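Content type compact mmCIF, C-alpha atoms and all ligand atoms, from the file coords.txt:
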```txt
# COMPACT_ATOMS: atom_id res chain seq x y z
CA MET A 1327 -0.62 -15.15 5.20
CA SER A 1328 -2.46 -18.42 5.22
CA ASN A 1329 -1.10 -21.56 6.83
CA HIS A 1330 -2.65 -23.83 4.25
CA TYR A 1331 -0.08 -23.12 1.55
CA ARG A 1332 3.42 -24.50 1.29
CA ILE A 1333 4.51 -21.16 -0.15
CA PRO A 1334 2.43 -18.27 1.22
CA VAL A 1335 2.05 -15.04 -0.72
CA TYR A 1336 3.59 -13.12 2.16
CA GLN A 1337 5.00 -13.54 5.66
CA PRO A 1338 6.99 -11.28 7.95
CA TRP A 1339 10.70 -11.83 8.50
CA LEU A 1340 11.56 -11.30 12.17
CA CYS A 1341 15.25 -12.02 11.77
CA GLY A 1342 16.81 -9.20 13.79
CA ASN A 1343 16.38 -7.60 17.21
CA GLU A 1344 12.58 -8.01 17.35
CA GLU A 1345 12.60 -10.59 20.14
CA GLN A 1346 15.19 -8.78 22.24
CA TYR A 1347 13.39 -5.42 22.01
CA VAL A 1348 9.95 -6.90 22.80
CA LEU A 1349 11.42 -8.74 25.79
CA ASP A 1350 12.89 -5.42 26.92
CA CYS A 1351 9.39 -3.86 26.86
CA ILE A 1352 7.99 -6.66 29.00
CA ARG A 1353 10.87 -6.73 31.48
CA SER A 1354 10.87 -2.95 31.87
CA ASN A 1355 7.04 -2.82 32.17
CA TRP A 1356 6.74 -0.32 29.25
CA ILE A 1357 4.10 -2.15 27.23
CA SER A 1358 1.58 0.62 26.54
CA SER A 1359 1.73 3.63 24.24
CA LYS A 1360 4.50 5.48 26.05
CA GLY A 1361 8.12 4.41 26.03
CA SER A 1362 11.48 4.80 24.42
CA TYR A 1363 10.81 2.52 21.44
CA ILE A 1364 8.01 4.83 20.27
CA THR A 1365 10.39 7.79 20.23
CA LYS A 1366 13.24 5.84 18.62
CA PHE A 1367 11.03 4.29 15.95
CA GLU A 1368 9.50 7.68 15.07
CA GLU A 1369 12.87 9.43 14.95
CA GLN A 1370 14.58 6.77 12.88
CA PHE A 1371 11.63 6.44 10.55
CA ALA A 1372 11.65 10.22 9.90
CA ALA A 1373 15.40 10.02 9.23
CA THR A 1374 14.96 7.10 6.82
CA ILE A 1375 12.31 8.92 4.78
CA ALA A 1376 14.15 12.24 5.14
CA THR A 1377 11.20 14.16 6.50
CA ARG A 1378 10.77 16.35 9.61
CA HIS A 1379 8.03 14.49 11.49
CA ALA A 1380 6.97 10.85 11.81
CA ILE A 1381 3.98 10.20 14.10
CA SER A 1382 3.17 6.59 14.97
CA VAL A 1383 -0.42 5.33 14.95
CA CYS A 1384 -2.05 1.92 15.41
CA ASN A 1385 -2.61 1.06 11.72
CA GLY A 1386 -2.37 2.44 8.20
CA THR A 1387 -6.10 3.08 7.85
CA VAL A 1388 -6.33 5.40 10.86
CA ALA A 1389 -3.12 7.06 9.62
CA LEU A 1390 -5.10 8.09 6.53
CA HIS A 1391 -8.12 9.16 8.60
CA VAL A 1392 -6.09 11.33 10.94
CA ALA A 1393 -4.08 12.83 8.05
CA LEU A 1394 -7.29 13.88 6.28
CA ALA A 1395 -8.78 15.16 9.54
CA ALA A 1396 -5.63 17.20 10.22
CA LEU A 1397 -6.05 18.85 6.80
CA GLY A 1398 -9.63 19.75 7.75
CA ILE A 1399 -11.28 17.55 5.11
CA GLY A 1400 -14.98 17.29 5.97
CA PRO A 1401 -18.60 17.20 4.75
CA GLY A 1402 -19.14 18.81 1.35
CA ASP A 1403 -15.54 18.22 0.26
CA GLU A 1404 -14.52 15.97 -2.59
CA VAL A 1405 -11.30 13.98 -2.51
CA ILE A 1406 -9.86 12.41 -5.66
CA VAL A 1407 -8.73 8.79 -5.22
CA PRO A 1408 -7.73 6.04 -7.64
CA THR A 1409 -10.38 3.33 -7.87
CA PHE A 1410 -7.66 0.72 -8.42
CA THR A 1411 -6.41 0.64 -4.83
CA TYR A 1412 -6.77 -1.12 -1.52
CA ILE A 1413 -10.01 0.19 -0.01
CA ALA A 1414 -8.54 2.00 3.03
CA PRO A 1415 -7.92 5.45 1.47
CA VAL A 1416 -11.47 5.52 0.05
CA ASN A 1417 -13.04 4.60 3.39
CA ALA A 1418 -10.88 7.19 5.18
CA VAL A 1419 -12.43 9.92 2.99
CA VAL A 1420 -15.90 8.73 4.01
CA TYR A 1421 -14.92 8.60 7.72
CA CYS A 1422 -14.37 12.39 7.40
CA GLY A 1423 -17.84 12.88 5.90
CA ALA A 1424 -16.30 13.82 2.52
CA THR A 1425 -17.00 12.28 -0.89
CA PRO A 1426 -14.49 10.12 -2.77
CA VAL A 1427 -14.23 10.86 -6.50
CA PHE A 1428 -12.78 7.92 -8.38
CA VAL A 1429 -10.22 8.16 -11.17
CA ASP A 1430 -8.71 5.62 -13.52
CA SER A 1431 -5.15 4.28 -13.57
CA ASP A 1432 -2.38 3.89 -16.12
CA LEU A 1433 -2.21 0.46 -17.77
CA GLN A 1434 1.60 0.28 -17.73
CA THR A 1435 2.56 1.42 -14.22
CA TRP A 1436 -0.89 0.74 -12.66
CA GLN A 1437 -0.73 4.14 -10.93
CA ILE A 1438 -3.32 6.94 -10.79
CA ASP A 1439 -3.74 8.69 -14.17
CA PRO A 1440 -3.04 12.45 -13.85
CA ASP A 1441 -5.09 13.28 -16.97
CA ASP A 1442 -8.13 11.68 -15.40
CA VAL A 1443 -7.39 13.50 -12.13
CA TYR A 1444 -7.46 16.78 -14.08
CA ARG A 1445 -10.84 15.91 -15.62
CA ARG A 1446 -12.41 15.25 -12.21
CA ILE A 1447 -11.30 18.45 -10.47
CA GLY A 1448 -14.33 20.56 -9.63
CA PRO A 1449 -15.38 23.41 -7.32
CA ARG A 1450 -15.68 21.07 -4.31
CA THR A 1451 -12.37 19.25 -4.81
CA LYS A 1452 -10.12 19.69 -1.78
CA ALA A 1453 -7.47 17.01 -2.09
CA ILE A 1454 -5.88 14.25 -4.14
CA ILE A 1455 -4.77 10.96 -2.59
CA ALA A 1456 -1.87 9.39 -4.47
CA VAL A 1457 -1.54 5.68 -3.66
CA HIS A 1458 1.87 4.23 -4.56
CA LEU A 1459 0.47 0.88 -5.59
CA TYR A 1460 2.39 -2.37 -5.09
CA GLY A 1461 5.56 -0.40 -4.37
CA HIS A 1462 5.70 1.66 -7.58
CA PRO A 1463 5.57 5.44 -7.06
CA ALA A 1464 2.61 7.41 -8.44
CA PRO A 1465 3.52 10.13 -11.02
CA MET A 1466 4.41 12.79 -8.46
CA ASP A 1467 5.58 15.51 -10.90
CA ALA A 1468 2.18 15.68 -12.58
CA LEU A 1469 0.26 15.33 -9.32
CA THR A 1470 2.20 18.02 -7.43
CA ALA A 1471 1.73 20.36 -10.42
CA LEU A 1472 -2.04 19.72 -10.46
CA ALA A 1473 -2.30 20.20 -6.70
CA ARG A 1474 -0.38 23.47 -6.88
CA GLU A 1475 -2.33 24.88 -9.86
CA HIS A 1476 -5.72 24.08 -8.33
CA GLY A 1477 -4.92 24.77 -4.67
CA LEU A 1478 -5.48 21.19 -3.55
CA PHE A 1479 -3.92 19.19 -0.75
CA LEU A 1480 -1.86 16.21 -1.82
CA ILE A 1481 -1.84 13.13 0.41
CA GLU A 1482 0.45 10.18 -0.30
CA ASP A 1483 -0.63 6.69 0.77
CA CYS A 1484 2.76 4.95 1.03
CA ALA A 1485 1.40 1.81 2.75
CA GLU A 1486 2.78 -0.40 -0.01
CA ALA A 1487 5.78 1.69 -0.93
CA PHE A 1488 8.28 1.75 1.91
CA GLY A 1489 11.66 2.04 0.13
CA ALA A 1490 10.21 3.40 -3.13
CA ARG A 1491 11.82 6.48 -4.65
CA TYR A 1492 10.73 9.00 -7.22
CA GLN A 1493 13.55 11.02 -8.76
CA HIS A 1494 15.80 9.87 -5.90
CA ARG A 1495 13.47 11.11 -3.13
CA HIS A 1496 11.65 8.67 -0.88
CA VAL A 1497 7.89 8.61 -1.42
CA GLY A 1498 6.06 10.44 1.34
CA THR A 1499 8.09 13.64 0.89
CA PHE A 1500 6.16 15.09 -2.06
CA GLY A 1501 2.69 15.77 -0.67
CA ASP A 1502 1.48 17.83 2.28
CA ILE A 1503 1.22 14.69 4.38
CA ALA A 1504 1.79 10.97 3.86
CA THR A 1505 0.93 7.69 5.55
CA PHE A 1506 2.49 4.24 5.94
CA SER A 1507 1.16 0.87 7.14
CA PHE A 1508 3.04 -1.78 9.12
CA TYR A 1509 0.51 -4.58 8.76
CA GLY A 1510 2.02 -8.10 8.78
CA ASN A 1511 2.36 -8.28 5.02
CA LYS A 1512 3.94 -4.87 4.50
CA THR A 1513 7.66 -4.37 3.74
CA ILE A 1514 8.38 -3.53 7.37
CA THR A 1515 5.85 -4.62 9.98
CA THR A 1516 4.82 -4.01 13.58
CA GLY A 1517 2.01 -6.60 13.43
CA GLU A 1518 -0.56 -3.80 13.17
CA GLY A 1519 0.71 -0.26 12.91
CA GLY A 1520 1.04 2.88 10.87
CA MET A 1521 2.89 6.18 10.54
CA VAL A 1522 1.94 9.69 9.46
CA VAL A 1523 4.79 11.77 8.05
CA THR A 1524 4.96 15.45 7.17
CA SER A 1525 7.49 18.24 7.02
CA ASP A 1526 4.86 20.76 8.19
CA ASP A 1527 5.19 21.54 11.91
CA MET A 1528 1.58 22.67 12.33
CA LEU A 1529 0.15 19.60 10.57
CA ALA A 1530 2.36 17.34 12.70
CA GLU A 1531 1.06 19.02 15.85
CA ARG A 1532 -2.56 18.54 14.70
CA VAL A 1533 -1.94 14.84 13.98
CA ARG A 1534 -0.42 14.35 17.45
CA ARG A 1535 -3.42 16.03 19.07
CA LEU A 1536 -5.97 14.09 17.02
CA LYS A 1537 -4.38 10.68 17.59
CA GLY A 1538 -4.25 11.27 21.37
CA GLN A 1539 -7.91 12.08 22.19
CA GLY A 1540 -7.56 15.78 21.40
CA LEU A 1541 -5.61 16.41 24.58
CA ALA A 1542 -4.73 20.08 25.07
CA PRO A 1543 -1.02 20.70 25.59
CA TYR A 1544 -1.58 23.33 28.29
CA ARG A 1545 -3.74 21.53 30.89
CA GLU A 1546 -3.91 17.96 32.21
CA TYR A 1547 -6.95 15.89 31.19
CA TRP A 1548 -8.36 18.82 29.27
CA HIS A 1549 -9.53 18.12 25.71
CA ASP A 1550 -10.22 21.04 23.39
CA ILE A 1551 -10.96 19.16 20.17
CA ILE A 1552 -12.65 15.82 19.43
CA GLY A 1553 -9.79 13.39 18.92
CA TYR A 1554 -9.29 9.66 18.67
CA ASN A 1555 -7.26 7.00 20.40
CA TYR A 1556 -5.05 5.94 17.47
CA ARG A 1557 -1.86 5.36 19.47
CA MET A 1558 0.74 2.69 18.75
CA THR A 1559 2.10 0.56 21.61
CA ASN A 1560 5.73 0.54 22.69
CA ILE A 1561 5.76 -3.22 21.91
CA ALA A 1562 4.71 -2.60 18.31
CA ALA A 1563 7.29 0.20 18.00
CA ALA A 1564 9.97 -2.17 19.38
CA ILE A 1565 9.22 -4.59 16.54
CA GLY A 1566 9.16 -1.68 14.08
CA LEU A 1567 12.56 -0.41 15.18
CA ALA A 1568 14.08 -3.88 14.72
CA GLN A 1569 12.45 -4.14 11.30
CA LEU A 1570 13.76 -0.73 10.29
CA GLU A 1571 17.30 -1.88 11.15
CA ASN A 1572 16.92 -4.61 8.50
CA ALA A 1573 14.99 -2.57 5.96
CA SER A 1574 17.77 -2.36 3.39
CA LEU A 1575 18.22 -6.15 3.52
CA PHE A 1576 14.47 -6.62 2.90
CA LEU A 1577 14.51 -4.19 -0.02
CA GLU A 1578 17.57 -5.78 -1.58
CA ARG A 1579 15.99 -9.24 -1.30
CA LYS A 1580 12.74 -7.99 -2.82
CA ARG A 1581 14.53 -6.47 -5.80
CA ALA A 1582 16.44 -9.73 -6.35
CA ILE A 1583 13.15 -11.66 -6.16
CA ALA A 1584 11.51 -9.37 -8.72
CA ASN A 1585 14.51 -9.69 -11.06
CA ARG A 1586 14.47 -13.47 -10.83
CA TYR A 1587 10.74 -13.67 -11.57
CA ARG A 1588 11.18 -11.35 -14.57
CA GLN A 1589 14.09 -13.36 -15.89
CA LEU A 1590 12.45 -16.76 -15.45
CA LEU A 1591 9.09 -15.70 -16.86
CA GLU A 1592 10.45 -14.05 -19.99
CA GLY A 1593 8.68 -15.34 -23.08
CA THR A 1594 5.46 -16.22 -21.22
CA PRO A 1595 2.30 -14.22 -21.99
CA LEU A 1596 2.50 -12.59 -18.54
CA VAL A 1597 3.01 -8.83 -18.40
CA PHE A 1598 4.85 -7.27 -15.45
CA GLN A 1599 4.03 -3.95 -13.82
CA LEU A 1600 6.32 -1.53 -15.68
CA GLU A 1601 9.05 0.27 -13.71
CA ALA A 1602 9.04 3.85 -14.98
CA PRO A 1603 12.51 5.35 -15.68
CA GLU A 1604 12.37 8.06 -13.00
CA VAL A 1605 11.49 5.70 -10.14
CA VAL A 1606 12.89 3.07 -7.83
CA HIS A 1607 10.23 0.39 -7.45
CA SER A 1608 10.31 -1.20 -3.99
CA TRP A 1609 8.62 -4.40 -5.26
CA TRP A 1610 6.28 -4.84 -2.30
CA MET A 1611 4.46 -7.49 -4.27
CA VAL A 1612 5.69 -8.70 -7.64
CA SER A 1613 2.61 -8.54 -9.84
CA VAL A 1614 1.72 -9.76 -13.32
CA LEU A 1615 -1.19 -9.53 -15.74
CA THR A 1616 -2.64 -12.40 -17.74
CA SER A 1617 -4.38 -11.74 -21.07
CA THR A 1618 -7.86 -12.41 -19.71
CA ALA A 1619 -9.67 -12.79 -16.40
CA HIS A 1620 -10.27 -16.41 -17.31
CA ASP A 1621 -6.53 -17.06 -17.63
CA ARG A 1622 -5.98 -15.36 -14.30
CA ASP A 1623 -8.38 -17.74 -12.59
CA LEU A 1624 -6.81 -20.77 -14.30
CA LEU A 1625 -3.30 -19.74 -13.30
CA ARG A 1626 -4.28 -19.05 -9.70
CA SER A 1627 -6.00 -22.41 -9.33
CA HIS A 1628 -3.06 -24.23 -10.92
CA LEU A 1629 -0.72 -22.61 -8.38
CA ARG A 1630 -3.15 -23.30 -5.53
CA THR A 1631 -3.04 -27.01 -6.39
CA ALA A 1632 0.75 -26.85 -6.24
CA GLY A 1633 0.54 -25.36 -2.72
CA ILE A 1634 1.43 -21.84 -3.86
CA GLU A 1635 -0.65 -18.94 -2.60
CA THR A 1636 -1.29 -15.88 -4.79
CA ARG A 1637 -3.57 -12.86 -4.52
CA PRO A 1638 -5.80 -11.28 -7.10
CA THR A 1639 -5.07 -7.60 -7.75
CA PHE A 1640 -7.50 -5.19 -6.08
CA TYR A 1641 -11.04 -5.11 -7.42
CA PRO A 1642 -11.71 -1.48 -8.37
CA VAL A 1643 -13.47 0.20 -5.45
CA HIS A 1644 -16.12 1.83 -7.68
CA THR A 1645 -17.48 -1.67 -8.40
CA MET A 1646 -18.05 -2.52 -4.73
CA PRO A 1647 -21.63 -2.37 -3.39
CA MET A 1648 -21.26 0.68 -1.13
CA TYR A 1649 -19.52 2.71 -3.85
CA SER A 1650 -21.26 1.56 -7.02
CA HIS A 1651 -24.45 3.66 -6.82
CA ARG A 1652 -23.12 6.05 -9.44
CA TYR A 1653 -22.74 4.19 -12.71
CA GLU A 1654 -19.22 4.82 -13.91
CA ARG A 1655 -16.63 2.97 -15.92
CA HIS A 1656 -12.92 3.10 -15.27
CA ARG A 1657 -11.76 0.73 -17.92
CA ASN A 1658 -8.07 0.44 -17.10
CA ALA A 1659 -8.78 -0.12 -13.42
CA GLU A 1660 -11.39 -2.76 -14.27
CA SER A 1661 -8.98 -4.50 -16.60
CA LEU A 1662 -6.08 -4.40 -14.09
CA GLY A 1663 -8.37 -5.58 -11.31
CA LEU A 1664 -9.57 -8.62 -13.23
CA ARG A 1665 -6.32 -9.77 -14.87
CA GLY A 1666 -3.70 -9.23 -12.17
CA ILE A 1667 -1.96 -11.61 -9.80
CA ASN A 1668 0.35 -10.85 -6.89
CA LEU A 1669 3.01 -13.54 -6.65
CA PRO A 1670 4.74 -14.67 -3.44
CA SER A 1671 7.08 -11.77 -2.61
CA TYR A 1672 8.22 -12.03 1.00
CA PRO A 1673 11.89 -11.24 1.60
CA ALA A 1674 12.84 -14.70 2.92
CA LEU A 1675 11.60 -16.41 -0.26
CA THR A 1676 14.46 -18.54 -1.61
CA HIS A 1677 15.75 -18.80 -5.19
CA GLU A 1678 14.69 -22.46 -5.25
CA GLN A 1679 11.14 -21.50 -4.29
CA ILE A 1680 11.00 -18.86 -7.04
CA ASP A 1681 12.30 -21.42 -9.55
CA GLU A 1682 9.56 -23.82 -8.47
CA ILE A 1683 6.84 -21.16 -8.67
CA CYS A 1684 8.00 -20.15 -12.16
CA TYR A 1685 8.04 -23.79 -13.28
CA HIS A 1686 4.39 -24.13 -12.28
CA ILE A 1687 3.51 -20.79 -13.90
CA ARG A 1688 5.11 -21.90 -17.17
CA THR A 1689 3.22 -25.19 -17.13
CA ALA A 1690 -0.06 -23.34 -16.55
CA THR A 1691 0.53 -20.64 -19.17
CA GLU A 1692 1.47 -23.20 -21.82
CA ARG A 1693 -1.87 -24.82 -21.23
CA PHE A 1694 -4.08 -21.74 -21.42
CA SER A 1695 -2.33 -19.32 -23.69
CA THR A 1696 -3.61 -20.94 -26.89
CA ASN A 1697 -7.27 -20.51 -26.07
CA HIS A 1698 -8.47 -16.95 -25.64
CA ASP A 1699 -11.96 -17.54 -27.07
CA SER A 1700 -14.24 -14.58 -26.83
CA ILE A 1701 -14.02 -14.17 -23.10
CA THR A 1702 -14.05 -10.54 -22.12
CA VAL A 1703 -13.07 -9.43 -18.68
CA PHE A 1704 -16.64 -8.57 -17.73
CA GLN A 1705 -18.09 -11.97 -18.49
CA SER A 1706 -15.69 -13.74 -16.17
CA SER A 1707 -16.95 -15.54 -13.12
CA SER A 1708 -14.47 -13.55 -11.09
CA VAL A 1709 -16.71 -10.49 -11.32
CA ILE A 1710 -19.11 -12.14 -8.87
CA GLN A 1711 -16.96 -13.22 -5.95
C1 LIG A 1801 -2.30 -1.88 3.80
C2 LIG A 1801 -2.81 -0.65 3.17
C3 LIG A 1801 -3.47 0.36 3.91
C4 LIG A 1801 -3.99 0.20 5.30
O1 LIG A 1801 -3.18 -0.28 6.22
P1 LIG A 1801 -3.70 -1.08 7.51
O2 LIG A 1801 -2.49 -0.99 8.37
O3 LIG A 1801 -4.03 -2.47 7.07
O4 LIG A 1801 -4.86 -0.37 8.09
C5 LIG A 1801 -3.79 1.54 3.28
N1 LIG A 1801 -3.54 1.73 1.97
C6 LIG A 1801 -2.95 0.79 1.23
C7 LIG A 1801 -2.70 1.09 -0.21
C8 LIG A 1801 -2.60 -0.44 1.79
O5 LIG A 1801 -2.05 -1.37 1.03
```

Represent the supplied structure as structure tokens.
Amino acid sequence: MSNHYRIPVYQPWLCGNEEQYVLDCIRSNWISSKGSYITKFEEQFAATIATRHAISVCNGTVALHVALAALGIGPGDEVIVPTFTYIAPVNAVVYCGATPVFVDSDLQTWQIDPDDVYRRIGPRTKAIIAVHLYGHPAPMDALTALAREHGLFLIEDCAEAFGARYQHRHVGTFGDIATFSFYGNKTITTGEGGMVVTSDDMLAERVRRLKGQGLAPYREYWHDIIGYNYRMTNIAAAIGLAQLENASLFLERKRAIANRYRQLLEGTPLVFQLEAPEVVHSWWMVSVLTSTAHDRDLLRSHLRTAGIETRPTFYPVHTMPMYSHRYERHRNAESLGLRGINLPSYPALTHEQIDEICYHIRTATERFSTNHDSITVFQSSSVIQ
């Protein structure tokens, strides 16, 4: 969301009732974390996902923290997480005093690999976090089976996957509890914001208590557990409600954008994230792989020169300084993290802009695709950034 690019990688689309609802908050004086937009946003979000409870919080990272806390995850526990992910779910495990155990991902769908999950289950394992990365659902059949067989909690991080479906069900309805983010570059946004969803009444009650300073329901200003202030404001919820009203438009646009990219880039050496047959990909960010890390850097700088912003795919978390003390390799994650690019994917992106982006991509790939040398992904300069 940088201003320096002619075509940013992402920007929100506030094309509906956002302004009217926010104005209503200001004029009615309901600007804090109580108010009718909170209730409406939570109710309509729960209905959209088809779950019993949706509990608003102030961002997607605290949504994960409070979900893990509600499950009682704590010191001595291990939680299995993909290393190829945004860092938030890993940090949330550490906030609880538990230990993240990294697993590798599938090279085709880029999602957590259930076989590797199985290998890492041990006596201390308490939970698995499935991250639906870039809008593609994680393999929920295999993960729910593993969780059931081994008595583990299953948490879904749906931050990037609003609108994604697995066997016709919306993501966030498979695990014990699931979380969403409404950061400015997510499919629907509240500026900063998040949601915890669950169909379990007791878990929902625990999340509500924890996000509101551990307030006891039976006495005023009496706190009987250590909670947090993770509340969303009515203003943020007002924006969220307006965004939710346009969600199907956003998702339709994003699918059309993905299709156009795929069509126009056919025959280039770029490889798209595969859409598995049993899923509906929500195409949060259309993402491609180059053959080498070197090609990735060349393509990104070519696009930068043309005023087009891109993002690198996530560097695997196990390679970051605070998580790299245990020497481990997760080869697919390392490969995906060094060769991937997220292309501009915001819903208001026009066909003409996509055509222009693809023209520049073609020019760049024609230049580099002949020269693969002996560069391996680990010798690339992009390792040290
Ligand atoms: C964005 C994101 C989060 C965190 O959301 P914030 O609202 O930025 O705190 C968590 N997990 C994933 C996979 C994300 O992409």

Inset, instruction - Please provide as a PyMOL selection string all residues within 9 Å of Asn1343 in chain A, with the sequence filter that same-chain residues fewer than 3 positions apart are discarded (counting all atoms listed in the file). - result: chain A and resi 1340+1346-1348+1564-1565+1567-1569+1571

Inset, instruction - For Leu1662 in chain A, work out the shell of residues within 9 Å, counting only C-alpha atoms and skipping chain neighbours fewer than 3 positions away, then give it as JSON, numbers by chain. - result: {"A": [1410, 1431, 1433, 1436, 1615, 1639, 1640, 1641, 1642, 1657, 1658, 1659, 1665, 1666]}

Box centre and edge lengths (Å, one decimal), axis-aligned, range 1673-1686 of chain A plus 5 Å each side, as AutoDock Vina command-line options:
```
--center_x 10.1 --center_y -17.7 --center_z -5.2 --size_x 21.4 --size_y 22.9 --size_z 26.2
```

Within 12 Å of range 1537-1542 of chain A, counting only C-alpha atoms, which residues qualify if same-chain residues fewer than 6 places away don't, as a PDB file with C-alpha atoms, in the frame of the given file?
```pdb
ATOM      1  CA  SER A1359       1.730   3.630  24.240  1.00  0.00           C
ATOM      2  CA  LYS A1360       4.500   5.480  26.050  1.00  0.00           C
ATOM      3  CA  ILE A1381       3.980  10.200  14.100  1.00  0.00           C
ATOM      4  CA  SER A1382       3.170   6.590  14.970  1.00  0.00           C
ATOM      5  CA  VAL A1383      -0.420   5.330  14.950  1.00  0.00           C
ATOM      6  CA  CYS A1384      -2.050   1.920  15.410  1.00  0.00           C
ATOM      7  CA  ASN A1385      -2.610   1.060  11.720  1.00  0.00           C
ATOM      8  CA  VAL A1388      -6.330   5.400  10.860  1.00  0.00           C
ATOM      9  CA  ALA A1389      -3.120   7.060   9.620  1.00  0.00           C
ATOM     10  CA  LEU A1390      -5.100   8.090   6.530  1.00  0.00           C
ATOM     11  CA  HIS A1391      -8.120   9.160   8.600  1.00  0.00           C
ATOM     12  CA  VAL A1392      -6.090  11.330  10.940  1.00  0.00           C
ATOM     13  CA  ALA A1393      -4.080  12.830   8.050  1.00  0.00           C
ATOM     14  CA  ALA A1395      -8.780  15.160   9.540  1.00  0.00           C
ATOM     15  CA  ALA A1396      -5.630  17.200  10.220  1.00  0.00           C
ATOM     16  CA  GLY A1520       1.040   2.880  10.870  1.00  0.00           C
ATOM     17  CA  MET A1521       2.890   6.180  10.540  1.00  0.00           C
ATOM     18  CA  VAL A1522       1.940   9.690   9.460  1.00  0.00           C
ATOM     19  CA  ALA A1530       2.360  17.340  12.700  1.00  0.00           C
ATOM     20  CA  GLU A1531       1.060  19.020  15.850  1.00  0.00           C
ATOM     21  CA  TRP A1548      -8.360  18.820  29.270  1.00  0.00           C
ATOM     22  CA  HIS A1549      -9.530  18.120  25.710  1.00  0.00           C
ATOM     23  CA  ASP A1550     -10.220  21.040  23.390  1.00  0.00           C
ATOM     24  CA  ILE A1551     -10.960  19.160  20.170  1.00  0.00           C
ATOM     25  CA  ILE A1552     -12.650  15.820  19.430  1.00  0.00           C
ATOM     26  CA  GLY A1553      -9.790  13.390  18.920  1.00  0.00           C
ATOM     27  CA  TYR A1554      -9.290   9.660  18.670  1.00  0.00           C
ATOM     28  CA  ASN A1555      -7.260   7.000  20.400  1.00  0.00           C
ATOM     29  CA  TYR A1556      -5.050   5.940  17.470  1.00  0.00           C
ATOM     30  CA  ARG A1557      -1.860   5.360  19.470  1.00  0.00           C
ATOM     31  CA  MET A1558       0.740   2.690  18.750  1.00  0.00           C
TER      32      MET A1558
END
```

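From CA of Thr1516 in chain A back to CA of Ala1372 in chain A, the distance works out to 16.2 Å.
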
Inset, instruction - Give the answer as one residue: which of A:Pro1440, A:His1476, A:Tyr1685, A:Ala1562 has the shortest atom-to-atom distance to Leu1349 in chain A, using all atoms listed in the file? - result: A:Ala1562

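All residues of protein, DNA or RNA that reach within 12 Å of Pro1334 in chain A, judged by all atoms listed in the file and not counting those fewer than 3 positions away in the chain, are Met1327, Ser1328, Asn1329, His1330, Tyr1331, Gln1337, Pro1338, Asn1511, Leu1629, Arg1630, Ala1632, Gly1633, Ile1634, Glu1635, Thr1636, Arg1637, Asn1668, Leu1669, Pro1670, Ser1671, Tyr1672, Pro1673, Ala1674, Leu1675, Gln1679, Ile1680 and Ile1683 of chain A.
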
Each chain A residue no farther than 6 Å from ligand LIG 1801 (chain A), nearest pair in Å, only C-alpha atoms and all ligand atoms, as JSON lines:
```
{"residue": "A:Asn1385", "atom": "CA", "partner": "A:LIG1801", "partner_atom": "O2", "distance": 3.9}
{"residue": "A:Gly1386", "atom": "CA", "partner": "A:LIG1801", "partner_atom": "O2", "distance": 3.4}
{"residue": "A:Thr1387", "atom": "CA", "partner": "A:LIG1801", "partner_atom": "O4", "distance": 3.7}
{"residue": "A:Thr1411", "atom": "CA", "partner": "A:LIG1801", "partner_atom": "C7", "distance": 5.9}
{"residue": "A:Tyr1412", "atom": "CA", "partner": "A:LIG1801", "partner_atom": "C7", "distance": 4.8}
{"residue": "A:Ala1414", "atom": "CA", "partner": "A:LIG1801", "partner_atom": "C5", "distance": 4.8}
{"residue": "A:Pro1415", "atom": "CA", "partner": "A:LIG1801", "partner_atom": "N1", "distance": 5.8}
{"residue": "A:Val1457", "atom": "CA", "partner": "A:LIG1801", "partner_atom": "C7", "distance": 5.9}
{"residue": "A:Asp1483", "atom": "CA", "partner": "A:LIG1801", "partner_atom": "N1", "distance": 5.9}
{"residue": "A:Ala1485", "atom": "CA", "partner": "A:LIG1801", "partner_atom": "C8", "distance": 4.7}
{"residue": "A:Glu1486", "atom": "CA", "partner": "A:LIG1801", "partner_atom": "O5", "distance": 5.0}
{"residue": "A:Ser1507", "atom": "CA", "partner": "A:LIG1801", "partner_atom": "O2", "distance": 4.3}
{"residue": "A:Phe1508", "atom": "CA", "partner": "A:LIG1801", "partner_atom": "O2", "distance": 5.6}
{"residue": "A:Tyr1509", "atom": "CA", "partner": "A:LIG1801", "partner_atom": "O2", "distance": 4.7}
{"residue": "A:Glu1518", "atom": "CA", "partner": "A:LIG1801", "partner_atom": "O2", "distance": 5.9}
{"residue": "A:Gly1519", "atom": "CA", "partner": "A:LIG1801", "partner_atom": "O2", "distance": 5.6}
{"residue": "A:Gly1520", "atom": "CA", "partner": "A:LIG1801", "partner_atom": "O2", "distance": 5.8}
```

Inset, instruction - Quick one: pull the distance between CA of Arg1445 in chain A and CA of Ala1490 in chain A, Å, one decimal. - result: 27.5 Å

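Atom pair CA of Leu1590 in chain A / CA of His1494 in chain A has a distance of 28.5 Å (rounded to one decimal).
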
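Among the candidates A:Thr1524, A:Thr1409, A:Thr1515, A:Thr1559, the one nearest to Asp1442 in chain A when counting only C-alpha atoms is A:Thr1409.
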
Legend entry - Given all atoms listed in the file as the counted atoms, nearest of A:Lys1580, A:Arg1353, A:Arg1545, A:His1656 to Val1643 in chain A: A:His1656

Legend entry - Residue among A:Ile1454, A:Ile1503, A:Val1614, A:Ile1413 lying closest to His1644 in chain A, counting only C-alpha atoms: A:Ile1413

Legend entry - Exercise: Lys1452 in chain A partners within 10 Å, all atoms listed in the file, chain neighbours under 3 positions left out, as a ChimeraX atom specification: /A:1397-1400,1402-1406,1424,1447-1449,1473,1476-1480

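Minimum atom-to-atom distance to Glu1678 in chain A, evaluated using only C-alpha atoms, belongs to A:Ile1583 out of A:Ala1453, A:Ile1583, A:Ala1464, A:Val1427.
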